[in-house]
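Heads up, upload.txt below (compact mmCIF, C-alpha atoms):
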```txt
# COMPACT_ATOMS: atom_id res chain seq x y z
CA ASN J 1 16.05 -32.90 27.14
CA PHE J 2 14.95 -34.12 23.72
CA PHE J 3 12.05 -31.66 23.39
CA GLN J 4 14.15 -28.64 24.34
CA VAL J 5 16.84 -29.59 21.82
CA SER J 6 14.22 -30.17 19.10
CA TYR J 7 12.55 -26.84 19.86
CA GLN J 8 15.89 -25.03 19.75
CA LYS J 9 16.71 -26.65 16.39
CA PHE J 10 13.33 -25.55 15.08
CA LEU J 11 13.95 -21.95 16.21
CA ASN J 12 17.39 -21.92 14.58
CA LEU J 13 15.93 -23.28 11.34
CA PHE J 14 13.16 -20.69 11.46
CA ARG J 15 15.66 -17.86 11.96
CA GLU J 16 17.85 -19.16 9.12
CA LYS J 17 14.79 -19.36 6.85
CA ASN J 18 13.85 -15.79 7.74
CA ARG J 19 17.37 -14.57 7.00
CA LEU J 20 17.30 -16.38 3.65
CA ASN J 21 13.90 -14.92 2.77
CA ALA J 22 15.02 -11.43 3.74
CA THR J 23 18.20 -11.74 1.68
CA VAL J 24 16.30 -12.94 -1.40
CA LEU J 25 13.74 -10.14 -1.06
CA LEU J 26 16.45 -7.49 -0.66
CA VAL J 27 18.21 -8.77 -3.78
CA PHE J 28 14.96 -8.58 -5.75
CA ILE J 29 14.24 -5.07 -4.42
CA ALA J 30 17.72 -3.92 -5.45
CA LEU J 31 17.15 -5.40 -8.92
CA VAL J 32 13.76 -3.68 -9.24
CA ILE J 33 15.28 -0.36 -8.16
CA VAL J 34 18.00 -0.54 -10.82
CA LEU J 35 15.54 -1.57 -13.55
CA SER J 36 13.02 1.12 -12.56
CA LEU J 37 15.64 3.87 -12.64
CA SER J 38 17.27 2.77 -15.89
CA ASN J 39 14.32 1.67 -18.06
CA GLY J 40 11.65 3.84 -19.61
CA SER J 41 11.00 5.97 -22.67
CA VAL J 42 14.58 7.18 -22.19
CA GLU J 43 16.93 4.35 -21.20
CA LEU J 44 19.85 5.21 -18.95
CA SER J 45 23.03 3.17 -18.72
CA SER J 46 24.67 2.42 -15.38
CA HIS J 47 27.27 5.11 -16.10
CA GLU J 48 24.56 7.66 -16.89
CA LEU J 49 22.64 6.67 -13.76
CA ILE J 50 25.66 7.25 -11.54
CA LYS J 51 26.40 10.62 -13.17
CA ALA J 52 22.75 11.67 -12.83
CA PHE J 53 22.78 10.59 -9.18
CA MET J 54 25.86 12.77 -8.63
CA ARG J 55 24.02 15.61 -10.45
CA GLU J 56 26.59 15.56 -13.22
CA GLY J 57 26.46 15.02 -16.99
CA ASP J 58 23.41 15.57 -19.19
CA LEU J 59 20.79 17.87 -17.61
CA THR J 60 17.90 15.90 -19.14
CA ASN J 61 19.13 12.71 -17.49
CA GLN J 62 19.35 14.50 -14.15
CA ILE J 63 15.75 15.71 -14.46
CA ILE J 64 14.55 12.23 -15.47
CA PHE J 65 16.37 10.68 -12.49
CA TRP J 66 15.63 13.22 -9.74
CA GLU J 67 12.22 14.61 -10.73
CA LEU J 68 10.50 11.66 -12.44
CA ARG J 69 11.85 8.19 -11.71
CA LEU J 70 13.33 8.45 -8.22
CA PRO J 71 10.26 10.00 -6.52
CA ARG J 72 7.99 7.53 -8.31
CA LEU J 73 10.19 4.66 -7.14
CA ILE J 74 10.22 5.88 -3.53
CA ALA J 75 6.43 6.35 -3.66
CA SER J 76 5.95 2.78 -4.87
CA LEU J 77 8.17 1.42 -2.07
CA LEU J 78 6.26 3.44 0.53
CA VAL J 79 2.88 2.29 -0.79
CA GLY J 80 4.02 -1.33 -0.98
CA SER J 81 5.36 -1.28 2.57
CA ALA J 82 2.15 0.33 3.85
CA LEU J 83 -0.02 -2.32 2.17
CA GLY J 84 2.21 -5.09 3.52
CA MET J 85 2.10 -3.60 7.01
CA SER J 86 -1.71 -3.29 7.03
CA GLY J 87 -2.11 -6.88 5.87
CA ALA J 88 0.36 -8.17 8.45
CA LEU J 89 -1.36 -6.25 11.26
CA LEU J 90 -4.82 -7.54 10.33
CA GLN J 91 -3.60 -11.13 9.96
CA GLY J 92 -1.75 -10.95 13.26
CA MET J 93 -4.65 -9.35 15.12
CA LEU J 94 -7.29 -11.71 13.74
CA ARG J 95 -4.97 -14.74 13.56
CA ASN J 96 -6.28 -15.46 10.10
CA GLY J 97 -4.05 -15.64 7.03
CA LEU J 98 -6.93 -14.53 4.78
CA ALA J 99 -7.53 -11.23 6.57
CA SER J 100 -6.94 -8.13 4.44
CA PRO J 101 -8.39 -4.61 4.05
CA TYR J 102 -10.27 -5.85 0.97
CA LEU J 103 -11.79 -8.91 2.62
CA LEU J 104 -12.93 -6.94 5.69
CA GLY J 105 -14.59 -4.24 3.58
CA ILE J 106 -12.23 -1.49 4.73
CA SER J 107 -11.04 -0.70 1.20
CA ALA J 108 -14.63 -0.76 -0.09
CA GLY J 109 -15.71 1.78 2.54
CA SER J 110 -12.82 4.04 1.64
CA GLY J 111 -13.57 3.64 -2.07
CA LEU J 112 -17.24 4.48 -1.57
CA VAL J 113 -16.35 7.82 0.02
CA ILE J 114 -13.97 8.58 -2.88
CA VAL J 115 -16.57 7.80 -5.55
CA LEU J 116 -19.25 9.74 -3.66
CA LEU J 117 -17.15 12.91 -3.40
CA ILE J 118 -15.89 12.75 -7.00
CA SER J 119 -19.33 12.03 -8.46
CA MET J 120 -20.78 15.01 -6.58
CA GLY J 121 -17.73 17.23 -7.19
CA LEU J 122 -17.36 18.01 -3.49
CA TRP J 123 -14.24 18.63 -1.38
CA LEU J 124 -11.92 17.07 -3.97
CA SER J 125 -8.81 18.35 -2.19
CA TRP J 126 -9.93 16.54 0.97
CA ILE J 127 -10.34 13.13 -0.67
CA PRO J 128 -7.31 11.48 1.06
CA ILE J 129 -8.54 12.42 4.53
CA ALA J 130 -12.15 11.60 3.64
CA ALA J 131 -11.08 8.17 2.34
CA TRP J 132 -9.22 7.52 5.60
CA ILE J 133 -12.30 8.52 7.63
CA GLY J 134 -14.44 6.22 5.48
CA ALA J 135 -12.06 3.34 6.20
CA ILE J 136 -12.17 4.03 9.95
CA ILE J 137 -16.00 4.17 10.00
CA THR J 138 -16.21 0.93 8.04
CA THR J 139 -13.80 -0.73 10.45
CA LEU J 140 -15.96 0.32 13.40
CA ILE J 141 -19.13 -1.00 11.72
CA VAL J 142 -17.48 -4.35 11.00
CA TYR J 143 -16.16 -4.49 14.57
CA LEU J 144 -19.61 -3.82 16.06
CA LEU J 145 -21.23 -6.45 13.81
CA ALA J 146 -18.62 -9.02 14.84
CA LYS J 147 -18.71 -8.24 18.55
CA SER J 148 -20.41 -10.83 20.70
CA GLY J 149 -20.49 -9.85 24.36
CA THR J 150 -16.92 -9.07 25.35
CA SER J 151 -15.31 -11.08 22.57
CA ILE J 152 -15.02 -10.84 18.80
CA SER J 153 -15.92 -13.72 16.50
CA VAL J 154 -13.38 -13.91 13.69
CA GLU J 155 -15.90 -15.72 11.48
CA ARG J 156 -18.52 -13.00 11.99
CA LEU J 157 -15.87 -10.34 11.42
CA ILE J 158 -14.95 -11.76 8.02
CA LEU J 159 -18.58 -12.36 7.05
CA ALA J 160 -19.50 -8.80 8.03
CA GLY J 161 -16.56 -7.49 6.02
CA VAL J 162 -17.54 -9.48 2.93
CA ALA J 163 -21.17 -8.32 3.24
CA LEU J 164 -20.21 -4.65 3.59
CA SER J 165 -17.71 -4.97 0.75
CA SER J 166 -20.46 -6.29 -1.55
CA LEU J 167 -22.90 -3.60 -0.43
CA PHE J 168 -20.43 -0.72 -0.84
CA GLY J 169 -19.25 -2.14 -4.17
CA SER J 170 -22.82 -2.13 -5.47
CA ILE J 171 -23.32 1.48 -4.40
CA GLN J 172 -20.02 2.42 -6.05
CA SER J 173 -21.14 0.84 -9.33
CA MET J 174 -24.48 2.67 -9.19
CA LEU J 175 -22.76 6.02 -8.59
CA LEU J 176 -20.23 5.44 -11.38
CA LEU J 177 -23.02 4.60 -13.85
CA GLN J 178 -24.75 7.91 -13.07
CA THR J 179 -21.61 10.06 -13.17
CA GLU J 180 -20.29 11.91 -16.22
CA ASP J 181 -17.34 10.32 -18.06
CA GLY J 182 -14.67 12.77 -16.91
CA ARG J 183 -15.43 12.17 -13.25
CA VAL J 184 -15.69 8.41 -13.78
CA GLN J 185 -12.10 8.35 -15.06
CA ALA J 186 -10.92 10.34 -12.05
CA ALA J 187 -12.75 7.99 -9.67
CA LEU J 188 -11.31 4.89 -11.36
CA THR J 189 -7.82 6.37 -11.12
CA TRP J 190 -8.33 6.78 -7.38
CA LEU J 191 -9.80 3.29 -6.93
CA ILE J 192 -7.21 1.43 -9.01
CA GLY J 193 -4.27 3.58 -7.99
CA SER J 194 -1.56 5.21 -10.07
CA LEU J 195 1.98 6.45 -9.64
CA ASN J 196 1.74 8.85 -12.58
CA SER J 197 2.74 12.42 -11.77
CA ARG J 198 3.73 11.47 -8.23
CA GLY J 199 6.63 13.57 -7.01
CA TRP J 200 8.43 14.84 -3.95
CA THR J 201 5.36 16.76 -2.75
CA GLU J 202 3.35 13.55 -2.30
CA ILE J 203 6.31 11.79 -0.69
CA LYS J 204 6.78 14.60 1.83
CA LEU J 205 3.06 14.45 2.65
CA ALA J 206 2.58 10.67 2.89
CA GLY J 207 6.11 9.47 3.72
CA PRO J 208 6.46 10.54 7.38
CA PRO J 209 3.20 8.95 8.66
CA ILE J 210 3.87 5.72 6.72
CA ILE J 211 7.43 5.48 8.07
CA PHE J 212 6.22 6.31 11.59
CA ALA J 213 3.53 3.61 11.38
```

The structure in this file should be written as structure tokens.
Amino acid sequence: NFFQVSYQKFLNLFREKNRLNATVLLVFIALVIVLSLSNGSVELSSHELIKAFMREGDLTNQIIFWELRLPRLIASLLVGSALGMSGALLQGMLRNGLASPYLLGISAGSGLVIVLLISMGLWLSWIPIAAWIGAIITTLIVYLLAKSGTSISVERLILAGVALSSLFGSIQSMLLLQTEDGRVQAALTWLIGSLNSRGWTEIKLAGPPIIFA
């Protein structure tokens, strides 16, 4: 009938739109990959890139390609996909397009643990795991605050996340103001994020769980 035909047309249009969006995004990703590998303090031409990829030609170009730019590029793609996945999961679960790890206070809880450990100089090698535990604990707190009987109020969930984010942000600022300059810089690097000095070791550590997720 009319409604079935209209619904089918809508589905076809939606699929075509998704295919178009995916194609455009893939083209942009390919462009970013080429620009990231070729541009920098030492610019590489397309010919030099291909030779470096084949481990041929100038040794310096090979080192720049394999040990500096390629791992940093892969790390950025992994991080970007992980952030996109977390946002999509939260938005799908809460059915709210505004939901994000920042809005729900999850990132603030993780950041608080990072600042706390760096400011006190404790367990610095365990910061990634500690930050993950901080995020999980914050998620549980927000969940308990939003729970009403057997259901969860999305409005209370977001309000609880915003409140905890403000609270943890204030504590972070207080700790940073009382910490020596060297540790403040390290904490800010963790909070803001950086791809500097990221290599194959970090990719081998973080890559498999991100890809599995």

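Minimum atom-to-atom distance to Ala99 (chain J), evaluated using only C-alpha atoms, belongs to J:Val162 out of J:Leu59, J:Leu145, J:Ala135, J:Val162.
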
Seminar exercise, completed: In terms of all atoms listed in the file, the residue from J:Ser194, J:Ser119, J:Thr150, J:Thr138 at minimal distance from Met174 (chain J) is J:Ser119

For this session: Give me, please, the distance in Å between CA of Leu35 (chain J) and CA of Ile50 (chain J), quoted to one decimal.
Result: 13.6 Å

Problem set entry | Among listed residues J:Gly207, J:Leu94, J:Val42, J:Gly111, nearest Ser151 (chain J) (using only C-alpha atoms) |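 Counting only C-alpha atoms, the residue closest to Ser151 (chain J) is J:Leu94.
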
Problem set entry | Which of J:Val115, J:Leu98, J:Ile136, J:Leu20 sits closest to Leu177 (chain J) [using only C-alpha atoms] |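 Among the listed residues, the smallest separation from Leu177 (chain J) belongs to J:Val115.
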
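As for CA of Thr179 (chain J) and CA of Ile192 (chain J), they are spaced 17.3 Å apart.
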
Exercise. Neighbours of region 188-190 of chain J within 12 Å (all atoms listed in the file; same-chain residues fewer than 4 positions away dropped), as a list in words?
Worked result: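 The residues satisfying every condition are Ser107, Ser110, Gly111, Leu112, Val113, Ile114, Val115, Leu116, Leu117, Ile118, Ser119, Leu124, Ile127, Pro128, Ala131, Gln172, Ser173, Leu175, Leu176, Leu177, Thr179, Asp181, Gly182, Arg183, Val184, Ser194, Leu195 and Asn196 of chain J.
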
Nearby residues (all atoms listed in the file) at most 10 Å from Ile33 (chain J), same-chain spacing under 3 positions excluded, as a compact mmCIF listing (two decimals) with C-alpha atoms, in the frame of the given file:
```
# COMPACT_ATOMS: atom_id res chain seq x y z
CA VAL J 27 18.21 -8.77 -3.78
CA PHE J 28 14.96 -8.58 -5.75
CA ILE J 29 14.24 -5.07 -4.42
CA ALA J 30 17.72 -3.92 -5.45
CA SER J 36 13.02 1.12 -12.56
CA LEU J 37 15.64 3.87 -12.64
CA SER J 38 17.27 2.77 -15.89
CA ARG J 69 11.85 8.19 -11.71
CA LEU J 70 13.33 8.45 -8.22
CA LEU J 73 10.19 4.66 -7.14
CA ILE J 74 10.22 5.88 -3.53
CA LEU J 77 8.17 1.42 -2.07
```

Report as a PDB file with C-alpha atoms, in the frame of the given file all protein, DNA and RNA residues lying within 8 Å of region 139-142 of chain J, evaluated on all atoms listed in the file, omitting residues in the same chain fewer than 6 positions from it.
```pdb
ATOM      1  CA  LEU J 104     -12.930  -6.940   5.690  1.00  0.00           C
ATOM      2  CA  GLY J 105     -14.590  -4.240   3.580  1.00  0.00           C
ATOM      3  CA  ILE J 106     -12.230  -1.490   4.730  1.00  0.00           C
ATOM      4  CA  LEU J 157     -15.870 -10.340  11.420  1.00  0.00           C
ATOM      5  CA  ALA J 160     -19.500  -8.800   8.030  1.00  0.00           C
ATOM      6  CA  GLY J 161     -16.560  -7.490   6.020  1.00  0.00           C
ATOM      7  CA  LEU J 164     -20.210  -4.650   3.590  1.00  0.00           C
TER       8      LEU J 164
END
```

Problem set entry | Given only C-alpha atoms as the counted atoms, nearest of J:Gln62, J:Ser76, J:Ser46, J:Asn21 to Ile203 (chain J) |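 Ranked by minimum distance to Ile203 (chain J), first place goes to J:Ser76.
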
For this session: Name the closest residue to Gly134 (chain J) among the candidates J:Ile211, J:Ala187, J:Ala108, J:Ala52; distances are taken between atoms, counting all atoms listed in the file.
Result: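 The shortest atom-to-atom distance to Gly134 (chain J) comes from J:Ala108.
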
Exercise. By how many Å are CA of Gly92 (chain J) and CA of Val154 (chain J) apart?
Worked result: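 A separation of 12.0 Å between them.
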
For region 47-62 of chain J in the structure I just supplied, write out all heavy atoms - as a PDB file, in the first residue's frame.
```
ATOM      1  N   HIS J  47      56.647  10.487  -4.672  1.00  0.00           N
ATOM      2  CA  HIS J  47      57.654   9.497  -5.070  1.00  0.00           C
ATOM      3  C   HIS J  47      58.477   9.062  -3.862  1.00  0.00           C
ATOM      4  O   HIS J  47      58.748   7.858  -3.677  1.00  0.00           O
ATOM      5  CB  HIS J  47      58.562  10.091  -6.149  1.00  0.00           C
ATOM      6  CG  HIS J  47      59.662   9.166  -6.594  1.00  0.00           C
ATOM      7  ND1 HIS J  47      59.418   7.991  -7.279  1.00  0.00           N
ATOM      8  CD2 HIS J  47      61.023   9.237  -6.417  1.00  0.00           C
ATOM      9  CE1 HIS J  47      60.567   7.372  -7.513  1.00  0.00           C
ATOM     10  NE2 HIS J  47      61.553   8.117  -7.009  1.00  0.00           N
ATOM     11  N   GLU J  48      58.870  10.018  -3.038  1.00  0.00           N
ATOM     12  CA  GLU J  48      59.658   9.690  -1.836  1.00  0.00           C
ATOM     13  C   GLU J  48      58.831   8.900  -0.837  1.00  0.00           C
ATOM     14  O   GLU J  48      59.360   8.016  -0.149  1.00  0.00           O
ATOM     15  CB  GLU J  48      60.178  10.977  -1.203  1.00  0.00           C
ATOM     16  CG  GLU J  48      61.272  11.662  -2.002  1.00  0.00           C
ATOM     17  CD  GLU J  48      61.633  13.023  -1.436  1.00  0.00           C
ATOM     18  OE1 GLU J  48      60.738  13.693  -0.863  1.00  0.00           O
ATOM     19  OE2 GLU J  48      62.811  13.415  -1.551  1.00  0.00           O
ATOM     20  N   LEU J  49      57.537   9.209  -0.748  1.00  0.00           N
ATOM     21  CA  LEU J  49      56.661   8.457   0.151  1.00  0.00           C
ATOM     22  C   LEU J  49      56.573   6.992  -0.260  1.00  0.00           C
ATOM     23  O   LEU J  49      56.669   6.085   0.579  1.00  0.00           O
ATOM     24  CB  LEU J  49      55.257   9.067   0.148  1.00  0.00           C
ATOM     25  CG  LEU J  49      54.947  10.184   1.138  1.00  0.00           C
ATOM     26  CD1 LEU J  49      53.520  10.652   0.965  1.00  0.00           C
ATOM     27  CD2 LEU J  49      55.186   9.722   2.558  1.00  0.00           C
ATOM     28  N   ILE J  50      56.388   6.767  -1.542  1.00  0.00           N
ATOM     29  CA  ILE J  50      56.280   5.391  -2.044  1.00  0.00           C
ATOM     30  C   ILE J  50      57.581   4.623  -1.804  1.00  0.00           C
ATOM     31  O   ILE J  50      57.560   3.471  -1.374  1.00  0.00           O
ATOM     32  CB  ILE J  50      55.920   5.399  -3.539  1.00  0.00           C
ATOM     33  CG1 ILE J  50      54.515   5.989  -3.728  1.00  0.00           C
ATOM     34  CG2 ILE J  50      55.975   3.993  -4.128  1.00  0.00           C
ATOM     35  CD1 ILE J  50      54.129   6.204  -5.173  1.00  0.00           C
ATOM     36  N   LYS J  51      58.715   5.277  -2.062  1.00  0.00           N
ATOM     37  CA  LYS J  51      60.009   4.615  -1.861  1.00  0.00           C
ATOM     38  C   LYS J  51      60.233   4.320  -0.381  1.00  0.00           C
ATOM     39  O   LYS J  51      60.738   3.247  -0.023  1.00  0.00           O
ATOM     40  CB  LYS J  51      61.136   5.490  -2.414  1.00  0.00           C
ATOM     41  CG  LYS J  51      61.111   5.657  -3.929  1.00  0.00           C
ATOM     42  CD  LYS J  51      62.442   6.111  -4.481  1.00  0.00           C
ATOM     43  CE  LYS J  51      63.426   4.962  -4.496  1.00  0.00           C
ATOM     44  NZ  LYS J  51      64.692   5.306  -5.188  1.00  0.00           N
ATOM     45  N   ALA J  52      59.845   5.276   0.492  1.00  0.00           N
ATOM     46  CA  ALA J  52      60.000   5.055   1.931  1.00  0.00           C
ATOM     47  C   ALA J  52      59.090   3.922   2.396  1.00  0.00           C
ATOM     48  O   ALA J  52      59.475   3.109   3.245  1.00  0.00           O
ATOM     49  CB  ALA J  52      59.686   6.338   2.689  1.00  0.00           C
ATOM     50  N   PHE J  53      57.877   3.857   1.832  1.00  0.00           N
ATOM     51  CA  PHE J  53      56.944   2.784   2.177  1.00  0.00           C
ATOM     52  C   PHE J  53      57.506   1.428   1.780  1.00  0.00           C
ATOM     53  O   PHE J  53      57.317   0.427   2.494  1.00  0.00           O
ATOM     54  CB  PHE J  53      55.606   3.030   1.484  1.00  0.00           C
ATOM     55  CG  PHE J  53      54.609   1.930   1.695  1.00  0.00           C
ATOM     56  CD1 PHE J  53      53.964   1.785   2.914  1.00  0.00           C
ATOM     57  CD2 PHE J  53      54.322   1.028   0.681  1.00  0.00           C
ATOM     58  CE1 PHE J  53      53.040   0.758   3.112  1.00  0.00           C
ATOM     59  CE2 PHE J  53      53.403   0.012   0.874  1.00  0.00           C
ATOM     60  CZ  PHE J  53      52.772  -0.123   2.091  1.00  0.00           C
ATOM     61  N   MET J  54      58.210   1.380   0.655  1.00  0.00           N
ATOM     62  CA  MET J  54      58.830   0.141   0.184  1.00  0.00           C
ATOM     63  C   MET J  54      60.184  -0.116   0.845  1.00  0.00           C
ATOM     64  O   MET J  54      60.858  -1.078   0.509  1.00  0.00           O
ATOM     65  CB  MET J  54      59.020   0.209  -1.336  1.00  0.00           C
ATOM     66  CG  MET J  54      57.726   0.424  -2.115  1.00  0.00           C
ATOM     67  SD  MET J  54      56.558  -0.933  -1.948  1.00  0.00           S
ATOM     68  CE  MET J  54      57.442  -2.245  -2.781  1.00  0.00           C
ATOM     69  N   ARG J  55      60.529   0.765   1.824  1.00  0.00           N
ATOM     70  CA  ARG J  55      61.825   0.683   2.521  1.00  0.00           C
ATOM     71  C   ARG J  55      62.984   0.775   1.527  1.00  0.00           C
ATOM     72  O   ARG J  55      63.941   0.009   1.593  1.00  0.00           O
ATOM     73  CB  ARG J  55      61.922  -0.587   3.361  1.00  0.00           C
ATOM     74  CG  ARG J  55      60.909  -0.639   4.505  1.00  0.00           C
ATOM     75  CD  ARG J  55      61.164  -1.797   5.430  1.00  0.00           C
ATOM     76  NE  ARG J  55      60.178  -1.878   6.486  1.00  0.00           N
ATOM     77  CZ  ARG J  55      60.236  -1.232   7.651  1.00  0.00           C
ATOM     78  NH1 ARG J  55      61.260  -0.412   7.870  1.00  0.00           N
ATOM     79  NH2 ARG J  55      59.303  -1.372   8.569  1.00  0.00           N
ATOM     80  N   GLU J  56      62.870   1.719   0.636  1.00  0.00           N
ATOM     81  CA  GLU J  56      63.912   1.965  -0.353  1.00  0.00           C
ATOM     82  C   GLU J  56      64.275   3.454  -0.324  1.00  0.00           C
ATOM     83  O   GLU J  56      63.577   4.263   0.288  1.00  0.00           O
ATOM     84  CB  GLU J  56      63.440   1.575  -1.762  1.00  0.00           C
ATOM     85  CG  GLU J  56      63.111   0.096  -1.923  1.00  0.00           C
ATOM     86  CD  GLU J  56      62.548  -0.207  -3.302  1.00  0.00           C
ATOM     87  OE1 GLU J  56      62.342   0.758  -4.084  1.00  0.00           O
ATOM     88  OE2 GLU J  56      62.297  -1.397  -3.600  1.00  0.00           O
ATOM     89  N   GLY J  57      65.367   3.816  -0.985  1.00  0.00           N
ATOM     90  CA  GLY J  57      65.756   5.215  -1.089  1.00  0.00           C
ATOM     91  C   GLY J  57      66.453   5.721   0.155  1.00  0.00           C
ATOM     92  O   GLY J  57      67.115   4.954   0.878  1.00  0.00           O
ATOM     93  N   ASP J  58      66.292   7.016   0.428  1.00  0.00           N
ATOM     94  CA  ASP J  58      66.996   7.683   1.519  1.00  0.00           C
ATOM     95  C   ASP J  58      66.619   7.084   2.875  1.00  0.00           C
ATOM     96  O   ASP J  58      65.437   6.929   3.193  1.00  0.00           O
ATOM     97  CB  ASP J  58      66.675   9.182   1.495  1.00  0.00           C
ATOM     98  CG  ASP J  58      67.542   9.952   2.473  1.00  0.00           C
ATOM     99  OD1 ASP J  58      68.706  10.205   2.169  1.00  0.00           O
ATOM    100  OD2 ASP J  58      67.030  10.267   3.569  1.00  0.00           O
ATOM    101  N   LEU J  59      67.618   6.776   3.703  1.00  0.00           N
ATOM    102  CA  LEU J  59      67.376   6.150   5.006  1.00  0.00           C
ATOM    103  C   LEU J  59      66.644   7.098   5.947  1.00  0.00           C
ATOM    104  O   LEU J  59      65.789   6.667   6.726  1.00  0.00           O
ATOM    105  CB  LEU J  59      68.707   5.717   5.624  1.00  0.00           C
ATOM    106  CG  LEU J  59      68.621   5.003   6.981  1.00  0.00           C
ATOM    107  CD1 LEU J  59      67.788   3.730   6.866  1.00  0.00           C
ATOM    108  CD2 LEU J  59      70.016   4.692   7.512  1.00  0.00           C
ATOM    109  N   THR J  60      66.956   8.394   5.867  1.00  0.00           N
ATOM    110  CA  THR J  60      66.286   9.375   6.719  1.00  0.00           C
ATOM    111  C   THR J  60      64.788   9.421   6.430  1.00  0.00           C
ATOM    112  O   THR J  60      63.961   9.476   7.353  1.00  0.00           O
ATOM    113  CB  THR J  60      66.893  10.775   6.507  1.00  0.00           C
ATOM    114  OG1 THR J  60      68.295  10.726   6.780  1.00  0.00           O
ATOM    115  CG2 THR J  60      66.232  11.795   7.424  1.00  0.00           C
ATOM    116  N   ASN J  61      64.426   9.374   5.168  1.00  0.00           N
ATOM    117  CA  ASN J  61      63.014   9.367   4.785  1.00  0.00           C
ATOM    118  C   ASN J  61      62.308   8.115   5.300  1.00  0.00           C
ATOM    119  O   ASN J  61      61.145   8.173   5.720  1.00  0.00           O
ATOM    120  CB  ASN J  61      62.869   9.450   3.268  1.00  0.00           C
ATOM    121  CG  ASN J  61      63.285  10.800   2.718  1.00  0.00           C
ATOM    122  OD1 ASN J  61      63.409  11.772   3.471  1.00  0.00           O
ATOM    123  ND2 ASN J  61      63.509  10.867   1.420  1.00  0.00           N
ATOM    124  N   GLN J  62      63.001   6.989   5.281  1.00  0.00           N
ATOM    125  CA  GLN J  62      62.416   5.749   5.802  1.00  0.00           C
ATOM    126  C   GLN J  62      62.146   5.857   7.297  1.00  0.00           C
ATOM    127  O   GLN J  62      61.092   5.427   7.787  1.00  0.00           O
ATOM    128  CB  GLN J  62      63.346   4.569   5.519  1.00  0.00           C
ATOM    129  CG  GLN J  62      63.520   4.242   4.038  1.00  0.00           C
ATOM    130  CD  GLN J  62      64.398   3.021   3.838  1.00  0.00           C
ATOM    131  OE1 GLN J  62      64.268   2.026   4.544  1.00  0.00           O
ATOM    132  NE2 GLN J  62      65.294   3.095   2.861  1.00  0.00           N
TER     133      GLN J  62
END
```
